[in-house]
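Undergrad: File coords_26.cif below, mmCIF, C-alpha atoms:
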```cif
data_structure
loop_
_atom_site.label_atom_id
_atom_site.label_comp_id
_atom_site.auth_asym_id
_atom_site.auth_seq_id
_atom_site.Cartn_x
_atom_site.Cartn_y
_atom_site.Cartn_z
CA MET A 1 60.95 75.35 66.88
CA SER A 2 57.22 75.21 67.62
CA ASP A 3 56.46 76.57 64.16
CA LEU A 4 58.65 73.92 62.54
CA ALA A 5 57.07 71.20 64.70
CA ALA A 6 53.62 72.30 63.55
CA VAL A 7 54.74 72.29 59.92
CA VAL A 8 56.18 68.77 60.23
CA ALA A 9 53.04 67.50 61.98
CA GLU A 10 50.90 68.85 59.14
CA LEU A 11 53.19 67.20 56.58
CA MET A 12 53.08 63.71 58.09
CA PRO A 13 50.21 62.39 55.92
CA ILE A 14 52.36 63.23 52.86
CA VAL A 15 55.48 61.72 54.43
CA ARG A 16 53.55 58.55 55.20
CA ALA A 17 52.11 58.44 51.68
CA ASP A 18 55.63 58.72 50.25
CA LEU A 19 56.76 55.82 52.42
CA GLU A 20 53.77 53.66 51.56
CA ARG A 21 54.33 54.27 47.85
CA LEU A 22 57.88 52.99 48.14
CA VAL A 23 57.00 50.01 50.35
CA ARG A 24 54.58 48.72 47.70
CA ILE A 25 57.53 48.27 45.31
CA PRO A 26 59.50 45.00 45.86
CA SER A 27 62.86 46.60 45.07
CA VAL A 28 65.15 43.68 45.89
CA ALA A 29 68.47 44.22 44.09
CA PHE A 30 69.99 40.78 44.77
CA PRO A 31 70.87 38.59 41.77
CA GLY A 32 67.98 36.39 40.72
CA PHE A 33 65.32 38.99 41.49
CA PRO A 34 63.67 41.04 38.74
CA ALA A 35 65.38 44.34 37.97
CA ALA A 36 62.20 46.18 36.99
CA PRO A 37 60.98 46.88 40.57
CA VAL A 38 64.41 48.23 41.50
CA HIS A 39 64.27 50.76 38.67
CA GLU A 40 60.65 51.50 39.54
CA ALA A 41 61.72 52.37 43.08
CA ALA A 42 64.47 54.63 41.74
CA GLN A 43 61.94 56.44 39.58
CA ALA A 44 59.48 56.74 42.48
CA THR A 45 62.25 58.15 44.69
CA LEU A 46 63.12 60.68 41.99
CA GLU A 47 59.49 61.78 41.74
CA ILE A 48 59.11 62.04 45.52
CA LEU A 49 62.16 64.29 45.80
CA ARG A 50 60.97 66.42 42.92
CA ASP A 51 57.57 66.78 44.58
CA ALA A 52 59.45 67.93 47.69
CA GLY A 53 61.09 70.72 45.71
CA ALA A 54 64.42 69.14 44.80
CA PRO A 55 65.57 68.96 41.14
CA ALA A 56 66.31 65.24 41.33
CA GLU A 57 68.02 63.20 38.63
CA LEU A 58 69.21 59.64 38.16
CA LEU A 59 72.91 58.86 38.49
CA GLU A 60 74.07 55.89 36.46
CA ILE A 61 76.30 53.76 38.69
CA PRO A 62 78.46 51.29 36.72
CA GLY A 63 77.57 47.74 37.74
CA ALA A 64 74.72 48.78 40.03
CA PRO A 65 71.18 50.18 40.00
CA PRO A 66 70.95 53.94 39.50
CA ALA A 67 71.24 56.31 42.42
CA VAL A 68 68.97 59.32 42.82
CA TRP A 69 70.70 62.66 43.22
CA ALA A 70 69.49 66.15 44.04
CA GLN A 71 71.01 69.40 45.17
CA VAL A 72 69.15 72.40 46.56
CA ASP A 73 71.36 75.44 47.10
CA GLY A 74 70.98 77.42 50.30
CA PRO A 75 71.97 81.01 51.00
CA PRO A 76 75.50 82.08 50.02
CA GLY A 77 78.04 80.94 52.61
CA ALA A 78 75.66 78.45 54.22
CA PRO A 79 77.01 75.01 55.20
CA THR A 80 76.41 72.01 52.97
CA VAL A 81 74.61 68.93 54.27
CA LEU A 82 74.58 65.60 52.42
CA LEU A 83 71.54 63.40 53.14
CA TYR A 84 71.89 59.67 52.40
CA ALA A 85 69.48 56.71 52.34
CA HIS A 86 68.85 53.65 50.15
CA TYR A 87 65.76 52.42 48.33
CA ASP A 88 66.75 48.76 47.87
CA ILE A 89 65.55 46.20 50.39
CA GLN A 90 66.05 42.70 51.70
CA PRO A 91 63.90 39.90 50.23
CA ALA A 92 60.62 39.35 52.06
CA GLY A 93 61.42 35.71 52.83
CA ASP A 94 58.60 33.39 53.76
CA GLU A 95 55.47 35.49 53.33
CA ALA A 96 53.57 33.08 55.57
CA ALA A 97 55.66 34.42 58.47
CA TRP A 98 54.20 37.91 57.96
CA ASP A 99 51.03 38.99 59.75
CA SER A 100 50.19 41.20 56.76
CA PRO A 101 51.50 41.15 53.17
CA PRO A 102 55.11 42.43 53.10
CA PHE A 103 54.48 44.79 50.19
CA GLU A 104 51.14 46.11 51.37
CA PRO A 105 51.84 48.73 54.06
CA THR A 106 49.57 48.10 57.04
CA GLU A 107 49.19 50.08 60.26
CA ARG A 108 48.82 48.28 63.59
CA ASP A 109 49.12 49.95 66.99
CA GLY A 110 50.88 53.04 65.66
CA ARG A 111 53.41 51.12 63.56
CA LEU A 112 53.51 50.80 59.79
CA TYR A 113 54.38 47.26 58.68
CA GLY A 114 55.97 46.20 55.41
CA ARG A 115 59.35 45.33 53.94
CA GLY A 116 61.50 48.45 53.81
CA THR A 117 59.38 50.52 56.18
CA ALA A 118 62.39 50.80 58.50
CA ASP A 119 65.33 49.71 56.33
CA ASP A 120 65.55 52.08 54.61
CA LYS A 121 62.65 53.55 52.69
CA CYS A 122 61.72 55.56 55.76
CA GLY A 123 65.05 57.33 55.16
CA VAL A 124 63.84 58.43 51.74
CA ALA A 125 60.57 59.70 53.21
CA LEU A 126 62.52 61.38 56.01
CA HIS A 127 64.72 63.33 53.59
CA ALA A 128 61.79 64.34 51.41
CA GLY A 129 59.87 65.42 54.51
CA THR A 130 62.81 67.56 55.63
CA LEU A 131 62.81 69.38 52.30
CA ARG A 132 59.03 69.79 52.43
CA ALA A 133 59.33 71.35 55.89
CA PHE A 134 61.19 74.27 54.31
CA GLY A 135 59.02 74.49 51.23
CA GLY A 136 61.91 73.32 49.08
CA THR A 137 64.15 76.22 50.19
CA PRO A 138 66.24 74.94 53.10
CA PRO A 139 68.45 77.28 55.17
CA VAL A 140 71.58 75.36 54.11
CA THR A 141 72.71 73.76 50.88
CA VAL A 142 71.28 70.26 50.80
CA LYS A 143 72.58 67.39 48.70
CA VAL A 144 70.51 64.20 48.64
CA VAL A 145 71.72 60.82 47.40
CA ILE A 146 69.63 57.64 47.54
CA GLU A 147 71.38 54.48 46.34
CA GLY A 148 70.02 51.14 45.18
CA GLU A 149 72.58 48.46 46.16
CA GLU A 150 73.20 48.92 49.89
CA GLU A 151 71.68 45.59 50.90
CA THR A 152 73.66 43.59 48.33
CA GLY A 153 77.00 45.01 49.48
CA GLY A 154 78.11 45.26 45.87
CA GLY A 155 80.41 48.22 46.46
CA SER A 156 79.83 49.91 43.10
CA PHE A 157 78.20 52.95 44.67
CA MET A 158 81.02 53.29 47.21
CA ASP A 159 83.52 53.21 44.32
CA TYR A 160 81.50 55.98 42.66
CA VAL A 161 81.62 58.10 45.82
CA ALA A 162 85.37 57.63 46.15
CA ALA A 163 85.87 58.56 42.48
CA HIS A 164 83.71 61.73 42.67
CA PRO A 165 84.54 63.40 46.00
CA GLU A 166 83.65 66.86 44.70
CA ARG A 167 80.04 65.82 44.06
CA PHE A 168 79.58 64.58 47.63
CA ALA A 169 81.61 67.27 49.41
CA ALA A 170 79.77 68.46 52.51
CA ASP A 171 80.30 69.88 55.97
CA VAL A 172 77.91 67.37 57.56
CA VAL A 173 76.80 64.00 56.22
CA VAL A 174 73.53 62.57 57.54
CA VAL A 175 73.20 58.80 57.07
CA ALA A 176 69.54 57.95 57.72
CA ASP A 177 70.17 54.22 58.05
CA GLY A 178 70.20 53.97 61.83
CA GLY A 179 67.70 54.59 64.56
CA ASN A 180 66.82 54.83 68.23
CA TRP A 181 67.66 52.23 70.82
CA LYS A 182 63.99 52.33 71.78
CA VAL A 183 60.87 54.13 70.55
CA GLY A 184 60.91 57.76 71.63
CA GLU A 185 64.53 57.64 72.85
CA PRO A 186 66.75 59.95 70.72
CA THR A 187 69.91 58.15 69.69
CA LEU A 188 73.12 58.76 67.77
CA THR A 189 75.17 55.80 66.54
CA THR A 190 78.86 56.51 67.11
CA THR A 191 80.60 53.21 66.30
CA LEU A 192 80.23 50.57 63.61
CA ARG A 193 81.82 47.14 63.60
CA GLY A 194 83.59 45.87 60.50
CA ILE A 195 83.06 42.50 58.87
CA CYS A 196 84.81 39.70 57.06
CA GLN A 197 83.49 36.40 55.76
CA ILE A 198 85.20 33.07 55.16
CA ASP A 199 84.00 29.86 53.53
CA VAL A 200 85.70 26.89 55.20
CA GLU A 201 85.65 23.36 53.74
CA VAL A 202 86.64 20.11 55.44
CA ARG A 203 87.37 16.92 53.43
CA THR A 204 88.07 13.46 54.77
CA LEU A 205 87.15 10.98 51.99
CA GLU A 206 86.98 10.74 48.23
CA GLY A 207 83.30 9.89 48.61
CA PRO A 208 80.74 8.67 51.18
CA VAL A 209 81.22 5.23 52.70
CA HIS A 210 78.99 3.04 54.86
CA SER A 211 79.00 4.20 58.50
CA GLY A 212 78.45 0.66 59.74
CA LEU A 213 81.49 -0.69 57.94
CA TYR A 214 83.89 2.23 58.56
CA GLY A 215 82.43 4.30 61.41
CA GLY A 216 84.67 4.44 64.45
CA ALA A 217 87.89 4.55 62.45
CA VAL A 218 87.21 6.85 59.49
CA PRO A 219 86.65 10.54 60.35
CA ASP A 220 83.36 12.20 59.43
CA ALA A 221 83.82 15.58 57.71
CA LEU A 222 80.77 17.13 59.37
CA ILE A 223 81.97 16.14 62.83
CA ALA A 224 85.43 17.48 62.01
CA LEU A 225 83.95 20.75 60.76
CA SER A 226 81.95 21.03 63.96
CA ARG A 227 85.13 20.75 66.00
CA VAL A 228 86.83 23.39 63.85
CA LEU A 229 83.92 25.77 64.33
CA ALA A 230 83.76 25.07 68.06
CA SER A 231 87.40 26.15 68.40
CA LEU A 232 86.45 29.71 67.49
CA HIS A 233 85.05 30.33 71.00
CA ASP A 234 86.16 29.47 74.51
CA GLU A 235 84.00 27.87 77.18
CA HIS A 236 82.46 31.27 78.04
CA GLY A 237 81.52 32.05 74.46
CA ASP A 238 84.24 34.69 73.99
CA VAL A 239 86.07 34.70 70.66
CA ALA A 240 89.16 32.51 71.03
CA VAL A 241 91.04 33.61 67.91
CA VAL A 242 94.36 35.07 68.99
CA GLY A 243 94.94 38.42 67.31
CA LEU A 244 91.34 39.64 67.12
CA ALA A 245 91.23 42.57 69.49
CA GLY A 246 88.41 44.69 70.85
CA GLY A 247 88.00 47.67 73.12
CA PRO A 248 85.80 49.11 75.86
CA TRP A 249 82.43 50.80 75.40
CA ASP A 250 81.70 54.05 77.25
CA GLY A 251 78.31 54.94 75.78
CA ARG A 252 74.86 53.83 76.82
CA PRO A 253 74.81 50.36 78.44
CA VAL A 254 72.58 47.56 77.18
CA GLU A 255 70.33 45.87 79.74
CA GLU A 256 70.16 42.08 79.60
CA GLU A 257 66.36 41.96 79.65
CA VAL A 258 66.18 44.44 76.76
CA LEU A 259 68.61 42.34 74.72
CA ARG A 260 66.77 39.12 75.49
CA GLU A 261 63.44 40.61 74.48
CA GLY A 262 64.79 42.21 71.31
CA ALA A 263 66.63 39.06 70.18
CA ARG A 264 63.80 36.78 71.38
CA VAL A 265 66.21 34.54 73.29
CA LEU A 266 64.52 31.33 74.41
CA GLU A 267 63.87 30.78 78.09
CA GLY A 268 66.78 29.15 79.86
CA VAL A 269 69.34 29.98 77.16
CA ASP A 270 72.40 31.79 78.52
CA LEU A 271 74.03 34.76 76.85
CA VAL A 272 77.62 34.23 75.70
CA GLY A 273 80.73 36.26 76.49
CA THR A 274 82.11 37.88 79.62
CA ASP A 275 82.50 41.61 78.86
CA SER A 276 79.68 44.13 79.25
CA ILE A 277 76.79 43.39 76.92
CA ALA A 278 77.27 46.69 75.09
CA ALA A 279 80.97 45.94 74.51
CA ARG A 280 80.11 42.47 73.23
CA LEU A 281 77.67 44.02 70.76
CA TYR A 282 79.54 47.15 69.72
CA THR A 283 83.30 47.13 70.29
CA ARG A 284 84.45 43.52 70.48
CA PRO A 285 84.67 40.91 67.72
CA SER A 286 82.07 38.20 67.30
CA ILE A 287 81.94 35.12 65.09
CA THR A 288 78.87 33.38 63.71
CA ALA A 289 78.39 30.39 61.42
CA ILE A 290 75.72 31.78 59.09
CA GLY A 291 75.39 28.82 56.73
CA ILE A 292 76.40 25.20 56.31
CA ASP A 293 76.54 22.71 53.44
CA ALA A 294 76.09 19.09 54.52
CA PRO A 295 73.64 16.29 53.74
CA ALA A 296 70.07 17.23 54.61
CA MET A 297 68.26 15.17 57.23
CA GLU A 298 65.53 14.29 54.76
CA GLY A 299 66.85 11.47 52.64
CA ALA A 300 70.00 11.04 54.73
CA THR A 301 71.69 7.64 54.49
CA ASN A 302 73.93 5.73 56.89
CA ALA A 303 77.08 7.08 55.32
CA ILE A 304 80.14 8.90 56.64
CA VAL A 305 80.10 12.45 55.29
CA PRO A 306 83.15 13.06 53.06
CA VAL A 307 82.95 16.84 52.76
CA ALA A 308 81.26 19.66 54.71
CA ARG A 309 81.38 23.44 54.34
CA ALA A 310 80.42 26.42 56.45
CA ARG A 311 80.29 30.17 55.94
CA VAL A 312 81.76 32.06 58.85
CA SER A 313 80.87 35.71 59.47
CA VAL A 314 83.23 37.72 61.66
CA ARG A 315 82.25 41.09 63.11
CA LEU A 316 85.34 43.17 63.80
CA ALA A 317 86.00 45.87 66.37
CA PRO A 318 85.36 49.43 65.10
CA THR A 319 89.05 50.21 65.61
CA GLU A 320 90.22 47.32 63.38
CA THR A 321 91.88 49.11 60.46
CA ASP A 322 92.87 46.06 58.38
CA PRO A 323 89.94 43.66 57.91
CA ALA A 324 91.93 41.66 55.36
CA ALA A 325 94.60 40.93 57.97
CA ALA A 326 91.89 39.94 60.47
CA GLN A 327 90.39 37.66 57.84
CA ARG A 328 93.76 35.96 57.35
CA THR A 329 94.09 35.56 61.11
CA VAL A 330 90.77 33.72 61.31
CA MET A 331 91.61 31.53 58.32
CA ALA A 332 94.92 30.57 59.93
CA HIS A 333 93.06 29.65 63.12
CA LEU A 334 90.63 27.44 61.19
CA MET A 335 93.47 25.64 59.45
CA GLU A 336 95.45 25.16 62.65
CA HIS A 337 92.52 23.66 64.57
CA ALA A 338 91.64 20.94 62.10
CA PRO A 339 91.51 17.57 63.94
CA TRP A 340 92.81 14.19 62.79
CA GLY A 341 94.76 15.58 59.83
CA VAL A 342 91.61 16.34 57.83
CA GLN A 343 92.00 18.55 54.77
CA VAL A 344 90.84 22.12 55.39
CA SER A 345 90.65 24.91 52.85
CA CYS A 346 89.41 28.48 53.23
CA VAL A 347 88.07 30.93 50.67
CA PRO A 348 87.99 34.59 51.74
CA GLY A 349 84.75 36.49 51.20
CA GLU A 350 83.65 40.09 51.65
CA ILE A 351 85.47 42.46 53.97
CA ALA A 352 84.61 45.91 55.29
CA ARG A 353 86.14 48.19 57.87
CA GLY A 354 84.28 49.49 60.86
CA ALA A 355 84.26 53.10 61.95
CA VAL A 356 84.33 55.40 64.96
CA LEU A 357 82.23 58.46 64.17
CA ALA A 358 83.09 61.80 65.72
CA ALA A 359 80.84 62.42 68.69
CA ASP A 360 82.10 65.90 69.61
CA GLY A 361 82.29 67.71 66.26
CA SER A 362 80.10 70.70 65.50
CA GLY A 363 77.79 68.56 63.34
CA ALA A 364 77.34 65.96 66.07
CA GLN A 365 76.70 68.66 68.66
CA ALA A 366 74.10 70.28 66.40
CA ALA A 367 72.52 66.85 65.92
CA ARG A 368 72.24 66.39 69.69
CA ARG A 369 70.54 69.76 70.05
CA ALA A 370 68.17 68.89 67.21
CA LEU A 371 67.28 65.55 68.80
CA HIS A 372 66.62 67.26 72.12
CA GLY A 373 64.33 69.71 70.40
CA ALA A 374 62.39 66.97 68.61
CA TYR A 375 62.17 64.40 71.41
CA GLY A 376 62.29 66.61 74.49
CA LYS A 377 65.16 64.70 76.07
CA GLU A 378 68.92 64.30 75.78
CA ALA A 379 70.26 61.97 73.09
CA VAL A 380 72.30 58.91 74.00
CA ALA A 381 75.18 57.29 72.13
CA VAL A 382 75.02 53.67 71.00
CA GLY A 383 77.15 51.50 68.78
CA SER A 384 76.12 49.26 65.94
CA GLY A 385 77.12 45.66 65.69
CA GLY A 386 76.42 45.79 61.97
CA ALA A 387 78.61 47.24 59.26
CA ILE A 388 77.74 50.22 57.06
CA PRO A 389 80.75 50.28 54.72
CA LEU A 390 79.57 53.52 53.11
CA CYS A 391 80.26 55.37 56.36
CA VAL A 392 83.91 54.32 56.10
CA THR A 393 84.04 55.39 52.46
CA LEU A 394 82.50 58.76 53.32
CA ALA A 395 84.89 59.25 56.24
CA GLN A 396 87.86 58.54 53.98
CA THR A 397 86.54 60.57 51.05
CA LEU A 398 85.35 63.52 53.16
CA PRO A 399 87.77 63.59 56.11
CA ASP A 400 86.66 67.05 57.27
CA ALA A 401 82.94 66.23 57.34
CA ASP A 402 81.03 65.21 60.46
CA ILE A 403 78.98 62.03 59.90
CA VAL A 404 75.65 61.82 61.73
CA LEU A 405 74.12 58.33 61.80
CA TRP A 406 70.49 58.23 62.94
CA GLY A 407 67.01 57.45 61.67
CA ALA A 408 63.47 56.41 62.50
CA CYS A 409 64.25 52.74 63.18
CA ASP A 410 64.02 51.25 66.70
CA ASP A 411 64.60 48.03 68.59
CA GLY A 412 61.24 46.62 67.51
CA ALA A 413 61.65 47.33 63.80
CA ARG A 414 62.67 43.74 62.94
CA ILE A 415 64.72 44.76 59.92
CA HIS A 416 65.71 41.86 57.64
CA ALA A 417 62.98 39.74 59.27
CA ALA A 418 59.27 39.15 58.89
CA ASN A 419 56.93 41.90 60.14
CA GLU A 420 59.40 44.73 59.63
CA SER A 421 57.90 48.02 60.78
CA VAL A 422 58.49 51.63 61.70
CA ASP A 423 56.92 53.58 64.53
CA LEU A 424 54.98 56.44 62.96
CA GLY A 425 55.55 58.67 65.98
CA ASP A 426 59.31 58.25 65.68
CA LEU A 427 59.09 58.89 61.95
CA GLU A 428 57.56 62.30 62.74
CA ARG A 429 60.09 63.03 65.48
CA ALA A 430 63.00 61.99 63.25
CA THR A 431 61.72 64.24 60.45
CA LEU A 432 61.46 67.15 62.88
CA ALA A 433 64.96 66.43 64.26
CA GLN A 434 66.45 66.50 60.79
CA ALA A 435 64.71 69.78 59.95
CA LEU A 436 65.95 71.23 63.24
CA LEU A 437 69.46 70.06 62.39
CA LEU A 438 69.43 72.15 59.23
CA GLN A 439 68.25 75.14 61.27
CA GLU A 440 70.96 74.56 63.88
CA LEU A 441 73.69 74.37 61.23
CA ALA A 442 72.42 77.48 59.48
CA SER A 443 72.33 79.51 62.72
CA ALA A 444 75.81 78.34 63.71
CA ALA A 445 77.36 79.24 60.35
CA PRO A 446 79.55 82.36 60.25
CA PRO A 447 78.27 85.27 58.12
CA ALA A 448 79.05 84.98 54.41
#
```
The structure in this file should be written as structure tokens.

TA:
Amino acid sequence: MSDLAAVVAELMPIVRADLERLVRIPSVAFPGFPAAPVHEAAQATLEILRDAGAPAELLEIPGAPPAVWAQVDGPPGAPTVLLYAHYDIQPAGDEAAWDSPPFEPTERDGRLYGRGTADDKCGVALHAGTLRAFGGTPPVTVKVVIEGEEETGGGSFMDYVAAHPERFAADVVVVADGGNWKVGEPTLTTTLRGICQIDVEVRTLEGPVHSGLYGGAVPDALIALSRVLASLHDEHGDVAVVGLAGGPWDGRPVEEEVLREGARVLEGVDLVGTDSIAARLYTRPSITAIGIDAPAMEGATNAIVPVARARVSVRLAPTETDPAAAQRTVMAHLMEHAPWGVQVSCVPGEIARGAVLAADGSGAQAARRALHGAYGKEAVAVGSGGAIPLCVTLAQTLPDADIVLWGACDDGARIHAANESVDLGDLERATLAQALLLQELASAAPPA
């Protein structure tokens, strides 16, 4: 292991250069953003993998940006490992909120800042670094796929995976789109919550009317919508929708002070819910109003609001196998809790299942040994409150494969927010862990 650690340490300037090259490309794949940077990032990813010794090529994905594919064959009879990441990113948002330009990678206090440094261009650099550690001749067969629509949730790449199972067949799948619960703390993610979205609309009037003339008798749509949304939780903040179930969490607990610091909860604000914090985050449902359409305060008039809309995002327990049924349950709740006979309509949005990843398979056990070798301590299991639908697709398409979800991200990475960053020390340790994983799988394989 010491030899491999020395090799990885010597490679880190190249790994960092690969990451910085990608971060400089604003590869936002959402509609309304230019397509050229997305294709530029795909081409850069292809070149990085080729430089690492992999014969990379572009895969045309119908309805989506191209994916980058490579396969490096190992010795006869060796296991096959599929490495996954994505090169598309979230928009930078308000650049004034960044302490340094989002597309100019900048180091501060051992962290590299820039959009995509953690989510998930570090995954691309991680995979390339793993191949470089073996001089392009890994001890197992390695397949690499880097997609370009993960952030948009378009689903075209997942459809491609499901339609071409033979291309992605592997004994172990490594999804480098996770990370450690804290810098320097080796972590495996073992559960993922699902998701469903609903747009709810409340109507009370054909058009706005004067609040002085009719207020007190005529219902306001925004007030009615507020009451509908408030019905989704009880007085403790637990989800109050009958039929949405959750389960216990038996992995690493989450300390309240760590959560408060990571989420930047304001002083004096209580947390919501009554189960353990980890269960609330990982294995129980949660509901959030993520957007609202109503008159803006600027320019508002003294009128009763005739129509108001909200987008409701529901995180589902990892064990929920039918997100469409859960979505219908929430829509029925919204309709049933409309006050004063107001008109309520619901439009279903995206859905995705959660997943429970095997924590005791041979791949997961090898991953734990690799993490111990790279970090010098035992790995812990955490859940993810977010959804990674591809993991479900991979689990369904490759039912015999172990899925390992990890990465170089950490609790301070601020993914999807301003000042996103990756810890450069963890990037090195994650690269070493992944190289050690390939060694572990090769040594555990039966003779050809």

Undergrad: CA of Ser443 in chain A to CA of Arg369 in chain A: how many Å, to one decimal?

TA: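 Taking CA of Ser443 in chain A as the start and CA of Arg369 in chain A as the end point, the length is 12.3 Å.
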
Undergrad: Nearest to Gly136 in chain A among A:Asp51, A:Glu261, A:Asp3, A:Glu428, with distances taken over all atoms listed in the file: which residue is it?

TA: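 Looking at the shortest contact to Gly136 in chain A, the residue is A:Asp51.
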
Undergrad: Any chance you could resolve the PyMOL selection byres ((chain A and resi 282) around 12) against this file and give the residues as number ranges by chain?

TA: A: 189-194, 246-254, 275-281, 283-286, 315-319, 354-356, 381-387

Undergrad: Enumerate, as a VMD selection string, the residues matched when the PyMOL selection byres ((chain A and resi 68-71) around 6) is run on the file above.

TA: chain A and resid 54 to 59 67 72 142 to 146

Undergrad: Give as a list in words the residues that the PyMOL selection byres ((chain A and resi 438) around 9) matches when applied to the coordinates above.

TA: Val81, Thr130, Pro138, Pro139, Val140, Val142, Ala366, Ala370, Ala433, Gln434, Ala435, Leu436, Leu437, Gln439, Glu440, Leu441, Ala442 and Ser443 of chain A

Undergrad: Nearest to Leu427 in chain A: which of A:Phe134, A:His86, A:Ile61, A:Val124 is it, counting all atoms listed in the file?

TA: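 Looking at the shortest contact to Leu427 in chain A, the residue is A:Val124.
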
Undergrad: Give the answer as one residue: which of A:Leu394, A:Met331, A:Leu4, A:Ala444 has the shortest atom-to-atom distance to Leu83 in chain A, using all atoms listed in the file?

TA: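 Ranking A:Leu394, A:Met331, A:Leu4, A:Ala444 by distance to Leu83 in chain A, first place goes to A:Leu394.
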
Undergrad: Would you work out the distance separating CA of Val23 in chain A from CA of Ala118 in chain A, expressed in Å to one decimal?

TA: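 Pair CA of Val23 in chain A / CA of Ala118 in chain A returns 9.8 Å.
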
Undergrad: Residues within 8 Å of Ala326 in chain A, please, as a list in words. Count all atoms listed in the file; anything in the same chain fewer than 3 positions from it doesn't count.

TA: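 After dropping sequence-adjacent residues, the list is Cys196, Gly243, Leu244, Asp322, Pro323, Thr329 and Val330 of chain A.
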
Undergrad: Excluding Asp400 in chain A and any residue of its chain fewer than 4 positions from it, enumerate the residues within 12 Å of it, using only C-alpha atoms, and give them as a ChimeraX atom specification.

TA: /A:169-173,357-358,361-363,394-396

Undergrad: How about saving the chosen residues, C-alpha atoms kept, as a compact mmCIF listing (two decimals), in the frame of the given file?

TA:
```
# COMPACT_ATOMS: atom_id res chain seq x y z
CA ALA A 169 81.61 67.27 49.41
CA ALA A 170 79.77 68.46 52.51
CA ASP A 171 80.30 69.88 55.97
CA VAL A 172 77.91 67.37 57.56
CA VAL A 173 76.80 64.00 56.22
CA LEU A 357 82.23 58.46 64.17
CA ALA A 358 83.09 61.80 65.72
CA GLY A 361 82.29 67.71 66.26
CA SER A 362 80.10 70.70 65.50
CA GLY A 363 77.79 68.56 63.34
CA LEU A 394 82.50 58.76 53.32
CA ALA A 395 84.89 59.25 56.24
CA GLN A 396 87.86 58.54 53.98
```

Undergrad: Here is a test: counting all atoms listed in the file, which residue of A:Glu47, A:Glu20, A:Asp293, A:Glu104 is nearest to Lys121 in chain A?

TA: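 Of A:Glu47, A:Glu20, A:Asp293, A:Glu104, the one nearest Lys121 in chain A is A:Glu20, counting all atoms listed in the file.
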